[in-house]
Each structure stands twice: as C-alpha cells, then as structure tokens.
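As structure tokens, the structure follows; a few thoughts come after it.
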Amino acid sequence: MKINKNTINKIARLSRIKLDDQESEDYIKDLNLILDWVDQLNEVNTDKVEPLSNISSSILPKRDDVSKDINSSEEILENAPDKLEGFFAVPKVVE
Amino acid sequence: MNNLIKGKKYDWEMVIGIEVHAQVKSNSKLFSSSSTKFGSPPNSQVSLVDAAMPGMLPVINKYCVEQAVKSGVGLNAKINNYSVFDRKNYFYADLPQGYQISQYKFPIVGEGKVTIDFKDGSSKDIRIVRLHLEQDAGKSLHDQNPSKTYVDLNRSGVALMEIVSEPDIRSPDEAGMYIAKIRSILMYLNTCDGNMQEGSLRADVNISVRKPNEDYGTRCEIKNLNSIKFIKQAINYEAKRQIEILESGGSIEQNTMLFNTSTGKTRPMRNKEEAHDYRYFPDPDLLPLEISNQDIEKIKSTIPELPDKLKNKFINIYNLSNYDASILTADKQTSDYFNETIKSDPELKKSSKIVVNWITSELFSLLNKNDLELISSPVSPKNLGQLVKLISTNEISGKIAKDVLEEMFSSKKSAREIVDYKGLKQVTDQGEIEKVIDEVITDNPKMVQEYLGGKDKLLGFFVGQVMKKTKGKANPKILNDILIRKLS
C-alpha cells in the first residue's frame with residue numbers, strides 16, 4: 001500500500017486536522033516509510049497462524065459493578081476552553 | 001397476512017430491519033466506575049476514563065457482561081465463548097475518545113429469534129443477527145444557544161446492547177410489536193429498564209420497499225427513534241416517500257435519515273457526501289472477552305420465567321386465548337399482578353377470563369385516567385380478586401362492580417367492605433324482584449298496552465324502571481326472565 005495525496009487528505013479530514021502542502025508532503029513521506037517498514041512482515045508466511053491477541057496468556061481483568069460518586073463537574077471542566085452551567089460549550093454541530 | 005401497501009401504480013411491500021440500542025441496567029459504566037444514574041447535574045458522573053484523559057485504561061464491568069449474556073439467552077440466541085472489543089473511530093464533540101469501544105467481527109451474542117403475536121392468534125418469528133456490547137456517547141444539546149452546542153458527558157461510557165434484527169419485518173405494526181417484545185424480554189430479565197422516554201431504549205430503523213417477490217430495494221436508515229409511535233410514523237412516511245420516487249421513475253439513494261417528531265417527516269442527514277469510514281480495529285487496551293460454558297450455565301440458572309413460556313403456561317392452566325395471554329405477559333408488572341390476583345382465591349381459576357378483563361380493561365383505564373403505573377395501583381391484586389369473585393358468584397352485577405372498583409380505587413377499601421357498607425348486594429331473591437316488577441306493571445298500564453301491541457323495544461323501559469327502584473341491584477338475568485314471563 002502506498003500513501004498518496006488523496007489518502008493523506010482523507011485521513012486529515014477524518015481526524016479534523018488541517019494540513020498545508022508542506023505538511024502533507026512530509027506526512028506522505030513519513031507514513032510511507034512506516035508502511036514500508038511494517039511491510040517487511042509480509043515476507044513471513046502466516047497462512048496457518050492464528051492472530052495473536054495476547055502475549056502474556058493473561059485473561060481480561062474485570063471489575064465488580066460498584067459505582068463511585070465522584071461529583072466530577074468542576075474537575076472535568078477545568079480544561080474546557082468554554083463552558084456554561086456545567087456543560088462543555090463547543091462550536092455548533094448540528095446534523 | 002397481507003401487508004402490501006398501494007402506490008399510485010403498483011402494490012409495494014416494506015422490508016424493515018431494526019437495530020435496538022438498549023442501555024444495560026447497571027450501577028456503573030461499561031469500562032469505568034462512574035455512576036449511570038439518570039438526571040444528575042451535567043458532567044457530574046464523568047471519570048478520567050470517560051473523559052478520555054491521556055493514559056487512562058478501560059476495565060470491563062463484569063455485571064454488564066453477565067447482563068448481555070442473559071439478554072442473549074432471552075433472545076434465544078447463541079452465546080459466543082470468545083468475543084472482541086473494537087474501536088469504531090469517528091469524530092464528534094460528545095465522543096471524547098474519538099472512538100467508541102464496540103464489538104465488530106466477534107460479538108458476544110450471535111444468532112437468535114423473537115416471536116411476535118397477532119390479534120388473530122397467529123404469530124411470526126423475527127430473526128436476530130447479533131447482540132453486542134458498546135459504549136454510549138455523551139449528550140449534545142443543540143437548541144440552547146444560536147452559536148454553541150452544549151455537551152454533557154454523563155452518559156459517555158454507559159453500557160449499551162445493540163440488538164440487530166434480520167430484515168424480517170414487513171409493516172409498521174410488526175415493527176412496533178417487535179420493539180415491544182424486545183423491551184418486554186429485557187424488562188423480564190431486568191437487563192434494561194425499558195424506559196424509552198429517558199432514552200434507555202432507542203432504535204435505528206432500516207427500510208426499503210419492493211414489489212412482492214422481487215429482490216430487496218435500496219434502503220435508508222432512520223436514526224435514533226425513541227418511541228413506538230414515532231417508529232411507526234417514521235416508517236409510514238419513509239415508505240411513502242420511497243414509493244413516490246420509484247413510481248415516478250426515480251431511484252432511491254442509500255442514505256441516513258433523521259425523523260422530525262413535530263412534522264412527522266424524515267430528511268437526510270447532512271454531510272452525506274462524506275461517507276463514514278469507521279476504521280474498525282481491535283482495541284489494544286482490551287484483551288478478548290472469554291466466557292466459559294460453565295459461566296454461561298451459571299448465568300442461565302438465574303434467569304426468570306420469560307414472557308413466551310409464561311404465556312403458554314397461562315394458556316394451559318387458565319384456558320386463556322393466545323392474545324389475552326400475550327397482553328398479560330407483555331410486561332412483568334401485569335403478569336405478576338394477574339398471578340397474584342388469580343392465586344388469591346382458588347375459586348378464581350374458573351373465572352380467569354373475567355379476571356383478565358377486569359385487569360386489562362377496567363383497572364387499566366382507571367390507572368390511565370389517573371396517570372398511574374400498575375405497580376402503584378391503589379387496588380391490590382387480592383382486592384381485585386375479591387371483586388371478581390363477587391361478580392362471578394352473582395353477589396353484585398357487572399355494572400355495579402364498575403362503581404365499586406372506582407370506589408376501591410379512591411378509598412383503598414376492599415370490595416366486600418364497600419358492597420356491605422353501601423348495601424350494593426345484588427337482589428337475587430325471585431319473590432322480591434317479582435314484587436317490584438308487579439309494581440312497575442301496575443304503575444304503567446299504557447306502556448304495557450303498547451308493549452303487548454308489538455312495541456318490543458319497551459322491554460328496556462321496564463328493565464330500567466325495575467333497576468331504578470332497586471338502585472341497580474336486581475340481578476339482570478332473573479329480572480329479564482320474570483319480566484318476559486309476566487308480560488307475555
């Protein structure tokens with residue numbers, strides 16, 4: 001797979017990131033290098049190998065259904081650029 | 001059953017598949033310990049995990065997994081020993097992570113089915129494709145400010161079960177019955193509170209139309225419907241829209257639609273030119289979820305009697321019709337109430353049909369009028385049982401029983417107390433009734449002449465006069481018999 005201008009634009013749009021021409025060029029180069037590097041793995045034949053999801057043979061840790069009262073409003077809104085009456089206020093997004 | 005709808009030129013069939021999003025009933029969220037309580041102050045139940053602060057890791061809620069398994073069993077579905085959590089990536093202001101943790105290729109529950117029952121006694125199976133666990137997003141308020149959207153993340157991370165049906169549904173009514181059945185099953189299982197107003201159960205509806213026996217048409221998806229009434233309205237509108245386009249030679253564009261509840265119309269969502277690309281991949285923060293058969297069996301053993309089984313039991317034991325039994329078992333409150341009523345007196349088993357009628361018509365209409373749920377009914381099952389017994393043993397007439405029930409409803413007294421105190425006991429003594437009839441006949445010689453002259457309708461007049469004199473307490477059957485004998 002090769003990353004071209006179209007792919008980089010699509011990824012940027014999905015991530016809501018604005019790239020100028022120079023940045024696009026740089027990312028195309030970087031991402032292609034990464035893909036080439038990972039592509040080396042294709043040299044190994046994995047036809048009969050199950051995907052490995054877990055190298056530690058540990059099992060998914062689970063917790064009990066206990067809720068904590070955290071009253072988080074103040075702390076959670078501390079970094080919000082804009083807020084009102086306990087809500088985050090963001091640019092209007094309506095669909 | 002014929003579900004075809006008429007267009008201007010052809011008959012059309014609707015093909016409908018539904019995705020139900022049911023909020024798991026639990027104390028804490030799917031991957032964090034924040035509370036799931038509804039209606040708390042905005043952003044007060046948002047942990048650092050829910051806010052997607054850097055370095056936070058999800059830890060799964062054991063109980064939510066059990067709830068999903070239970071629901072799967074209730075949907076007659078296959079429980080998968082192995083399932084995987086994936087990231088579904090999309091950008092939106094109320095999704096702090098930038099992705100929703102969901103299940104894609106390997107859901108926790110596989111194929112199943114639910115049965116819906118029609119009024120005419122027939123029924124139909126709707127196949128389930130899958131049920132998977134996922135996180136809910138936060139809530140956006142768009143209408144509070146002209147230039148801002150307000151975001152509340154309390155709901156962010158709450159566990160949802162998404163239940164996907166095959167496109168087996170053929171009409172708005174079937175769609176409504178399907179949702180009602182899913183809701184009923186989940187409420188029996190106590191895995192979802194079923195509260196559609198609070199958004200605990202919402203549906204996305206996929207709909208297309210076709211001429212009978214042709215291939216499926218192109219479908220549109222109507223998002224986020226939160227009442228059965230709206231679901232039916234939206235389907236009706238959307239089907240009509242599609243038929244009009246097709247009959248005027250156009251073609252349907254696959255689209256995601258929103259339903260406007262005040263206009264009753266659907267419209268396409270904006271930004272359609274940019275088709276969603278969710279880039280699913282396994283969440284590296286979560287190991288696959290493995291459930292042993294032993295665990296599944298353990299969960300199965302905790303499952304209560306479900307509506308279909310209970311329905312059959314009611315049909316067999318109490319000799320009820322399929323439809324009556326399905327109304328009684330539609331929700332647990334009703335079936336519990338019926339059970340308690342009928343068990344309050346061994347004699348009532350013979351009067352099961354009367355018990356059903358008094359619960360589902362008289363009591364329900366009083367509850368509706370007073371905006372009450374059955375669970376907070378001022379008339380206890382035992383008291384209703386007593387009332388039905390008074391009717392079935394002819395101590396009071398059905399008409400008087402209605403007044404008694406209203407009095408029971410407002411005073412919380414027992415039926416027996418009210419009947420005794422007000423002297424409402426039905427007069428079944430033939431001699432006593434005969435005496436009153438004689439009086440009425442003597443008082444109305446003209447009417448008697450007319451009746452004998454062929455005006456049969458006047459019988460009602462005489463019945464009315466006798467009822468008036470006995471304050472409605474004369475047994476109607478005995479009254480009728482004697483009256484006809486006397487007047488012939």
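Ligands are numbered from 1 in the order shown, chains are lettered A, B, ... in the order of the structure tokens, and residues start at 1 in each chain.
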Could you pull the residues within 12 Å of Glu85 (chain A), counting only C-alpha atoms, minus those fewer than 2 positions along the same chain, as a list in words?
-> Ser73, Glu74, Leu77, Asp82, Lys83, Phe87, Phe88 and Ala89 of chain A; Pro41, Pro42, Asn43, Ser44, Gln144, Tyr150, Val151 and Asp152 of chain B
Do a neighbour search on region 12-21 of chain A at 10 Å with only C-alpha atoms, toss out local chain neighbours closer than 6 positions, and write the hits as a compact mmCIF listing (two decimals) with N, CA and C atoms, in the first residue's frame.
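Done, and the output landed in selection-v1.txt:
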```txt
# COMPACT_ATOMS: atom_id res chain seq x y z
N LYS A 5 -1.48 11.65 -2.06
CA LYS A 5 -2.08 12.92 -1.66
C LYS A 5 -3.56 12.72 -1.24
N ASN A 6 -4.30 11.90 -2.01
CA ASN A 6 -5.70 11.67 -1.68
C ASN A 6 -5.89 11.02 -0.32
N TYR A 27 4.07 14.26 5.70
CA TYR A 27 3.36 13.10 6.24
C TYR A 27 3.30 11.95 5.24
N ASN B 89 -14.01 4.32 14.98
CA ASN B 89 -13.48 5.67 15.01
C ASN B 89 -14.37 6.68 14.29
N TYR B 90 -14.73 7.72 14.98
CA TYR B 90 -15.37 8.86 14.32
C TYR B 90 -15.21 10.10 15.18
N PHE B 91 -15.35 11.26 14.55
CA PHE B 91 -15.11 12.50 15.27
C PHE B 91 -16.42 13.18 15.60
N TYR B 92 -16.67 13.42 16.87
CA TYR B 92 -17.84 14.18 17.25
C TYR B 92 -17.59 14.79 18.63
N GLY B 98 -12.73 9.92 20.67
CA GLY B 98 -12.54 9.92 19.22
C GLY B 98 -12.88 8.57 18.63
N GLU B 274 -19.67 12.75 2.58
CA GLU B 274 -18.52 12.12 3.23
C GLU B 274 -18.99 10.85 3.95
N HIS B 276 -19.23 7.66 6.09
CA HIS B 276 -18.47 7.34 7.29
C HIS B 276 -17.45 6.25 7.00
N ASP B 277 -16.29 6.43 7.56
CA ASP B 277 -15.26 5.41 7.46
C ASP B 277 -14.78 5.16 8.88
N TYR B 278 -15.31 4.11 9.51
CA TYR B 278 -15.09 3.93 10.94
C TYR B 278 -13.74 3.32 11.30
```
Counting only C-alpha atoms, which residues from chain A have an atom at most 12 Å from any atom of chain B, and could you show them as a PyMOL selection string?
-> chain A and resi 10-17+51-80+82-95
For N, CA and C atoms, I'd like the residues from the last selection saved as a short mmCIF file (atom, residue, chain, number, x, y, z; two decimals), in the first residue's frame.
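Writing done, so here's again.cif:
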```
data_model
loop_
_atom_site.label_atom_id
_atom_site.label_comp_id
_atom_site.auth_asym_id
_atom_site.auth_seq_id
_atom_site.Cartn_x
_atom_site.Cartn_y
_atom_site.Cartn_z
N LYS A 10 -7.72 12.50 3.05
CA LYS A 10 -8.85 11.83 3.68
C LYS A 10 -8.57 11.59 5.17
N ILE A 11 -7.37 11.11 5.47
CA ILE A 11 -7.02 10.87 6.88
C ILE A 11 -7.09 12.18 7.67
N ALA A 12 -6.58 13.25 7.05
CA ALA A 12 -6.60 14.55 7.74
C ALA A 12 -8.03 15.00 8.01
N ARG A 13 -8.91 14.76 7.03
CA ARG A 13 -10.29 15.21 7.19
C ARG A 13 -11.00 14.39 8.28
N LEU A 14 -10.77 13.08 8.26
CA LEU A 14 -11.38 12.23 9.30
C LEU A 14 -10.88 12.61 10.69
N SER A 15 -9.65 13.08 10.77
CA SER A 15 -9.08 13.44 12.07
C SER A 15 -9.33 14.90 12.41
N ARG A 16 -10.01 15.61 11.52
CA ARG A 16 -10.26 17.04 11.69
C ARG A 16 -8.95 17.80 11.91
N ILE A 17 -7.95 17.49 11.12
CA ILE A 17 -6.67 18.19 11.21
C ILE A 17 -6.42 18.89 9.88
N PRO A 51 -4.21 -15.24 14.65
CA PRO A 51 -3.76 -13.92 15.11
C PRO A 51 -3.45 -13.96 16.60
N LEU A 52 -2.41 -13.30 16.99
CA LEU A 52 -2.01 -13.28 18.40
C LEU A 52 -2.63 -12.06 19.07
N SER A 53 -3.49 -12.28 20.07
CA SER A 53 -4.12 -11.13 20.69
C SER A 53 -3.51 -10.87 22.06
N ASN A 54 -2.63 -11.75 22.51
CA ASN A 54 -2.27 -11.73 23.90
C ASN A 54 -0.94 -12.45 24.05
N ILE A 55 0.08 -11.72 24.52
CA ILE A 55 1.36 -12.41 24.65
C ILE A 55 1.61 -12.88 26.07
N SER A 56 0.76 -12.50 27.01
CA SER A 56 1.05 -12.82 28.40
C SER A 56 0.18 -13.96 28.91
N SER A 57 -0.68 -14.49 28.05
CA SER A 57 -1.67 -15.52 28.42
C SER A 57 -2.46 -15.12 29.66
N SER A 58 -2.56 -13.81 29.89
CA SER A 58 -3.42 -13.37 30.98
C SER A 58 -4.84 -13.23 30.44
N ILE A 59 -5.80 -13.18 31.31
CA ILE A 59 -7.17 -13.01 30.83
C ILE A 59 -7.66 -11.60 31.14
N LEU A 60 -8.71 -11.20 30.42
CA LEU A 60 -9.24 -9.85 30.56
C LEU A 60 -9.62 -9.58 32.02
N PRO A 61 -8.96 -8.61 32.65
CA PRO A 61 -9.33 -8.31 34.04
C PRO A 61 -10.73 -7.68 34.09
N LYS A 62 -11.52 -8.05 35.11
CA LYS A 62 -12.88 -7.50 35.21
C LYS A 62 -13.08 -6.87 36.58
N ARG A 63 -14.01 -5.92 36.65
CA ARG A 63 -14.32 -5.31 37.95
C ARG A 63 -15.78 -5.57 38.33
N ASP A 64 -16.06 -5.42 39.62
CA ASP A 64 -17.44 -5.56 40.08
C ASP A 64 -18.21 -4.29 39.74
N ASP A 65 -19.54 -4.43 39.71
CA ASP A 65 -20.39 -3.30 39.32
C ASP A 65 -20.64 -2.39 40.51
N VAL A 66 -19.60 -1.66 40.93
CA VAL A 66 -19.74 -0.74 42.05
C VAL A 66 -19.52 0.67 41.53
N SER A 67 -20.47 1.56 41.79
CA SER A 67 -20.29 2.91 41.27
C SER A 67 -19.73 3.82 42.35
N LYS A 68 -18.89 4.77 41.90
CA LYS A 68 -18.31 5.73 42.84
C LYS A 68 -18.94 7.08 42.57
N ASP A 69 -19.36 7.74 43.64
CA ASP A 69 -19.87 9.09 43.48
C ASP A 69 -18.67 10.02 43.38
N ILE A 70 -18.51 10.66 42.22
CA ILE A 70 -17.29 11.44 42.06
C ILE A 70 -17.56 12.94 41.96
N ASN A 71 -18.79 13.29 41.66
CA ASN A 71 -19.13 14.71 41.52
C ASN A 71 -18.05 15.46 40.74
N SER A 72 -17.88 15.06 39.50
CA SER A 72 -16.70 15.44 38.73
C SER A 72 -16.79 16.78 38.03
N SER A 73 -17.98 17.41 38.04
CA SER A 73 -18.20 18.57 37.16
C SER A 73 -17.03 19.56 37.14
N GLU A 74 -16.63 19.99 38.32
CA GLU A 74 -15.63 21.07 38.37
C GLU A 74 -14.30 20.62 37.76
N GLU A 75 -13.86 19.45 38.23
CA GLU A 75 -12.55 18.96 37.79
C GLU A 75 -12.54 18.69 36.28
N ILE A 76 -13.65 18.11 35.80
CA ILE A 76 -13.67 17.66 34.42
C ILE A 76 -13.77 18.85 33.46
N LEU A 77 -14.32 19.96 33.95
CA LEU A 77 -14.48 21.13 33.08
C LEU A 77 -13.29 22.08 33.18
N GLU A 78 -12.32 21.73 34.05
CA GLU A 78 -11.22 22.64 34.31
C GLU A 78 -10.45 23.02 33.04
N ASN A 79 -10.29 22.04 32.14
CA ASN A 79 -9.52 22.32 30.91
C ASN A 79 -10.37 22.81 29.76
N ALA A 80 -11.69 22.93 29.98
CA ALA A 80 -12.56 23.29 28.87
C ALA A 80 -12.33 24.74 28.46
N ASP A 82 -14.32 26.56 26.88
CA ASP A 82 -15.56 27.31 27.07
C ASP A 82 -16.57 26.40 27.75
N LYS A 83 -17.30 26.95 28.70
CA LYS A 83 -18.29 26.13 29.42
C LYS A 83 -19.44 27.00 29.87
N LEU A 84 -20.56 26.37 30.20
CA LEU A 84 -21.70 27.13 30.71
C LEU A 84 -22.57 26.23 31.57
N GLU A 85 -22.80 26.65 32.79
CA GLU A 85 -23.66 25.92 33.73
C GLU A 85 -23.40 24.42 33.73
N GLY A 86 -22.13 24.07 33.83
CA GLY A 86 -21.78 22.66 33.96
C GLY A 86 -21.64 21.92 32.65
N PHE A 87 -21.95 22.59 31.54
CA PHE A 87 -21.79 21.96 30.22
C PHE A 87 -20.50 22.41 29.56
N PHE A 88 -19.93 21.53 28.72
CA PHE A 88 -18.92 21.99 27.77
C PHE A 88 -19.65 22.80 26.71
N ALA A 89 -19.07 23.92 26.27
CA ALA A 89 -19.67 24.67 25.17
C ALA A 89 -18.73 24.56 23.98
N VAL A 90 -19.24 24.01 22.89
CA VAL A 90 -18.38 23.79 21.71
C VAL A 90 -19.05 24.47 20.51
N PRO A 91 -18.27 24.72 19.43
CA PRO A 91 -18.87 25.31 18.24
C PRO A 91 -20.08 24.48 17.81
N LYS A 92 -21.09 25.16 17.30
CA LYS A 92 -22.34 24.47 16.98
C LYS A 92 -22.12 23.33 15.98
N VAL A 93 -22.55 22.14 16.36
CA VAL A 93 -22.50 21.00 15.44
C VAL A 93 -23.90 20.41 15.36
N VAL A 94 -24.57 20.67 14.27
CA VAL A 94 -25.93 20.13 14.15
C VAL A 94 -26.01 19.26 12.91
N GLU A 95 -26.62 18.11 13.09
CA GLU A 95 -26.92 17.29 11.91
C GLU A 95 -28.38 17.04 11.86
#
```
With a distance cut-off of 8 Å and only C-alpha atoms, select the neighbouring residues of Tyr280 (chain B), excluding the residue or stretch itself and same-chain residues fewer than 6 positions from it, and output the selection as a ChimeraX atom specification.
-> /B:86-89,104
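The two atoms in question, CA of Asn357 (chain B) and CA of Ile182 (chain B), are spaced 25.0 Å apart.
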Tell me, as an NGL selection string, which residues lie within 6 Å of Ile3 (chain A), counting only C-alpha atoms; anything in the same chain fewer than 4 positions away does not count.
-> :A and (7 or 28 or 32)
Let's have the selection written as a PDB file, in the first residue's frame, with N, CA, C and O atoms.
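And here is the file that came out, again-v2.pdb:
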```
ATOM      1  N   THR A   7      -5.064   9.986  -0.086  1.00  0.00           N
ATOM      2  CA  THR A   7      -5.194   9.285   1.197  1.00  0.00           C
ATOM      3  C   THR A   7      -4.874  10.220   2.355  1.00  0.00           C
ATOM      4  O   THR A   7      -5.563  10.219   3.373  1.00  0.00           O
ATOM      5  N   ILE A  28       3.161  12.294   3.959  1.00  0.00           N
ATOM      6  CA  ILE A  28       3.170  11.239   2.950  1.00  0.00           C
ATOM      7  C   ILE A  28       4.480  10.448   3.047  1.00  0.00           C
ATOM      8  O   ILE A  28       4.498   9.213   3.081  1.00  0.00           O
ATOM      9  N   ASN A  32       4.667   6.588   4.538  1.00  0.00           N
ATOM     10  CA  ASN A  32       5.140   5.562   3.615  1.00  0.00           C
ATOM     11  C   ASN A  32       6.330   4.803   4.176  1.00  0.00           C
ATOM     12  O   ASN A  32       6.446   3.592   4.010  1.00  0.00           O
TER      13      ASN A  32
END
```
To one decimal place, how far is CA of Arg155 (chain B) from CA of Gly138 (chain B) in Å?
-> 5.0 Å
Surrounding residues of Leu452 (chain B) excluding itself and chain neighbours under 6 positions, 10 Å, only C-alpha atoms, as a list of chain:residue names = B:Lys446, B:Leu458, B:Leu487, B:Ser488
Can you write out the residues you just picked, keeping N, CA, C and O atoms, as a tab-separated table (two decimals), in the first residue's frame?
```tsv
chain	number	residue	atom	x	y	z
B	446	LYS	N	-100.33	2.02	30.36
B	446	LYS	CA	-100.28	2.43	28.96
B	446	LYS	C	-99.11	1.75	28.23
B	446	LYS	O	-99.24	1.23	27.12
B	458	LEU	N	-89.92	-1.61	24.25
B	458	LEU	CA	-90.29	-1.09	25.57
B	458	LEU	C	-89.83	-1.99	26.71
B	458	LEU	O	-89.84	-1.58	27.87
B	487	LEU	N	-95.03	-10.46	31.06
B	487	LEU	CA	-95.58	-9.62	30.01
B	487	LEU	C	-96.09	-10.41	28.80
B	487	LEU	O	-96.54	-9.82	27.83
B	488	SER	N	-96.01	-11.75	28.89
B	488	SER	CA	-96.42	-12.48	27.69
B	488	SER	C	-97.84	-12.98	27.82
B	488	SER	O	-98.40	-13.05	28.91
```
Can you tell me how far CA of Leu384 (chain B) sits from CA of Thr341 (chain B), in Å to one decimal?
->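 The value is 6.6 Å.
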Sel. of strand (DSSP E or B) residues, region 62-117 of chain B, as a ChimeraX atom specification = /B:79,82-83,86-89,99-102,109,112-117
Find the spatial neighbours of region 469-473 of chain B, counting only C-alpha atoms, within a cut-off of 10 Å - ignore same-chain residues fewer than 6 positions away - and output them as number ranges by chain.
-> B: 395-397, 399-400, 423-428, 432-433, 436-437, 439-440, 463
Please identify all polymer residues within 12 Å of Ile342 (chain B), counting only C-alpha atoms, omitting same-chain residues fewer than 4 positions from it, and present them as a ChimeraX atom specification.
-> /B:314,317-318,335-338,346-356,358-359,380-389
Residues from last step as file, N, CA and C atoms, as a PDB file, in the first residue's frame:
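File out-v8.pdb, as written:
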```pdb
ATOM      1  N   PHE B 314     -50.008 -19.698  31.003  1.00  0.00           N
ATOM      2  CA  PHE B 314     -51.321 -19.078  31.227  1.00  0.00           C
ATOM      3  C   PHE B 314     -52.384 -19.708  30.325  1.00  0.00           C
ATOM      4  N   ILE B 317     -52.948 -23.407  31.828  1.00  0.00           N
ATOM      5  CA  ILE B 317     -53.550 -23.511  33.159  1.00  0.00           C
ATOM      6  C   ILE B 317     -54.896 -22.806  33.217  1.00  0.00           C
ATOM      7  N   TYR B 318     -54.979 -21.605  32.610  1.00  0.00           N
ATOM      8  CA  TYR B 318     -56.178 -20.785  32.816  1.00  0.00           C
ATOM      9  C   TYR B 318     -57.078 -20.728  31.588  1.00  0.00           C
ATOM     10  N   SER B 335     -48.134  -9.441  34.395  1.00  0.00           N
ATOM     11  CA  SER B 335     -48.238 -10.881  34.641  1.00  0.00           C
ATOM     12  C   SER B 335     -48.151 -11.185  36.135  1.00  0.00           C
ATOM     13  N   ASP B 336     -47.317 -10.426  36.863  1.00  0.00           N
ATOM     14  CA  ASP B 336     -47.245 -10.615  38.320  1.00  0.00           C
ATOM     15  C   ASP B 336     -48.588 -10.293  38.958  1.00  0.00           C
ATOM     16  N   TYR B 337     -49.201  -9.202  38.503  1.00  0.00           N
ATOM     17  CA  TYR B 337     -50.488  -8.769  39.074  1.00  0.00           C
ATOM     18  C   TYR B 337     -51.562  -9.826  38.835  1.00  0.00           C
ATOM     19  N   PHE B 338     -51.592 -10.322  37.585  1.00  0.00           N
ATOM     20  CA  PHE B 338     -52.568 -11.365  37.246  1.00  0.00           C
ATOM     21  C   PHE B 338     -52.349 -12.606  38.115  1.00  0.00           C
ATOM     22  N   PRO B 346     -58.768 -19.802  45.337  1.00  0.00           N
ATOM     23  CA  PRO B 346     -58.773 -20.964  44.435  1.00  0.00           C
ATOM     24  C   PRO B 346     -59.971 -20.969  43.494  1.00  0.00           C
ATOM     25  N   GLU B 347     -61.074 -20.346  43.921  1.00  0.00           N
ATOM     26  CA  GLU B 347     -62.285 -20.314  43.093  1.00  0.00           C
ATOM     27  C   GLU B 347     -62.094 -19.513  41.809  1.00  0.00           C
ATOM     28  N   LEU B 348     -61.118 -18.583  41.835  1.00  0.00           N
ATOM     29  CA  LEU B 348     -60.979 -17.656  40.711  1.00  0.00           C
ATOM     30  C   LEU B 348     -60.459 -18.310  39.437  1.00  0.00           C
ATOM     31  N   LYS B 349     -59.862 -19.500  39.595  1.00  0.00           N
ATOM     32  CA  LYS B 349     -59.316 -20.178  38.429  1.00  0.00           C
ATOM     33  C   LYS B 349     -60.385 -20.355  37.343  1.00  0.00           C
ATOM     34  N   LYS B 350     -61.631 -20.628  37.790  1.00  0.00           N
ATOM     35  CA  LYS B 350     -62.722 -20.806  36.827  1.00  0.00           C
ATOM     36  C   LYS B 350     -63.080 -19.495  36.137  1.00  0.00           C
ATOM     37  N   SER B 351     -62.789 -18.369  36.816  1.00  0.00           N
ATOM     38  CA  SER B 351     -63.205 -17.071  36.292  1.00  0.00           C
ATOM     39  C   SER B 351     -62.032 -16.318  35.654  1.00  0.00           C
ATOM     40  N   SER B 352     -61.049 -17.080  35.136  1.00  0.00           N
ATOM     41  CA  SER B 352     -59.813 -16.433  34.664  1.00  0.00           C
ATOM     42  C   SER B 352     -60.081 -15.360  33.614  1.00  0.00           C
ATOM     43  N   LYS B 353     -61.015 -15.650  32.712  1.00  0.00           N
ATOM     44  CA  LYS B 353     -61.303 -14.692  31.644  1.00  0.00           C
ATOM     45  C   LYS B 353     -61.848 -13.372  32.222  1.00  0.00           C
ATOM     46  N   ILE B 354     -62.702 -13.493  33.274  1.00  0.00           N
ATOM     47  CA  ILE B 354     -63.235 -12.277  33.911  1.00  0.00           C
ATOM     48  C   ILE B 354     -62.103 -11.505  34.587  1.00  0.00           C
ATOM     49  N   VAL B 355     -61.175 -12.247  35.226  1.00  0.00           N
ATOM     50  CA  VAL B 355     -60.032 -11.577  35.868  1.00  0.00           C
ATOM     51  C   VAL B 355     -59.253 -10.786  34.827  1.00  0.00           C
ATOM     52  N   VAL B 356     -58.968 -11.414  33.671  1.00  0.00           N
ATOM     53  CA  VAL B 356     -58.217 -10.725  32.613  1.00  0.00           C
ATOM     54  C   VAL B 356     -58.938  -9.447  32.206  1.00  0.00           C
ATOM     55  N   TRP B 358     -61.124  -7.617  33.801  1.00  0.00           N
ATOM     56  CA  TRP B 358     -61.135  -6.555  34.807  1.00  0.00           C
ATOM     57  C   TRP B 358     -59.767  -5.908  34.976  1.00  0.00           C
ATOM     58  N   ILE B 359     -58.698  -6.670  34.754  1.00  0.00           N
ATOM     59  CA  ILE B 359     -57.364  -6.044  34.813  1.00  0.00           C
ATOM     60  C   ILE B 359     -57.127  -5.193  33.571  1.00  0.00           C
ATOM     61  N   SER B 380     -55.299  -3.565  45.298  1.00  0.00           N
ATOM     62  CA  SER B 380     -54.337  -4.667  45.362  1.00  0.00           C
ATOM     63  C   SER B 380     -54.889  -5.865  44.589  1.00  0.00           C
ATOM     64  N   PRO B 381     -53.994  -6.775  44.150  1.00  0.00           N
ATOM     65  CA  PRO B 381     -54.456  -7.975  43.445  1.00  0.00           C
ATOM     66  C   PRO B 381     -55.495  -8.737  44.268  1.00  0.00           C
ATOM     67  N   LYS B 382     -55.280  -8.802  45.578  1.00  0.00           N
ATOM     68  CA  LYS B 382     -56.186  -9.551  46.428  1.00  0.00           C
ATOM     69  C   LYS B 382     -57.585  -8.925  46.411  1.00  0.00           C
ATOM     70  N   ASN B 383     -57.621  -7.598  46.480  1.00  0.00           N
ATOM     71  CA  ASN B 383     -58.920  -6.910  46.456  1.00  0.00           C
ATOM     72  C   ASN B 383     -59.624  -7.044  45.119  1.00  0.00           C
ATOM     73  N   LEU B 384     -58.839  -7.012  44.036  1.00  0.00           N
ATOM     74  CA  LEU B 384     -59.466  -7.187  42.729  1.00  0.00           C
ATOM     75  C   LEU B 384     -60.039  -8.595  42.632  1.00  0.00           C
ATOM     76  N   GLY B 385     -59.282  -9.570  43.163  1.00  0.00           N
ATOM     77  CA  GLY B 385     -59.748 -10.955  43.168  1.00  0.00           C
ATOM     78  C   GLY B 385     -61.083 -11.065  43.892  1.00  0.00           C
ATOM     79  N   GLN B 386     -61.189 -10.357  45.017  1.00  0.00           N
ATOM     80  CA  GLN B 386     -62.431 -10.385  45.803  1.00  0.00           C
ATOM     81  C   GLN B 386     -63.597  -9.812  44.986  1.00  0.00           C
ATOM     82  N   LEU B 387     -63.309  -8.735  44.261  1.00  0.00           N
ATOM     83  CA  LEU B 387     -64.343  -8.106  43.440  1.00  0.00           C
ATOM     84  C   LEU B 387     -64.831  -9.076  42.364  1.00  0.00           C
ATOM     85  N   VAL B 388     -63.854  -9.715  41.671  1.00  0.00           N
ATOM     86  CA  VAL B 388     -64.226 -10.657  40.611  1.00  0.00           C
ATOM     87  C   VAL B 388     -65.053 -11.793  41.188  1.00  0.00           C
ATOM     88  N   LYS B 389     -64.698 -12.224  42.390  1.00  0.00           N
ATOM     89  CA  LYS B 389     -65.465 -13.310  43.000  1.00  0.00           C
ATOM     90  C   LYS B 389     -66.904 -12.880  43.288  1.00  0.00           C
TER      91      LYS B 389
END
```
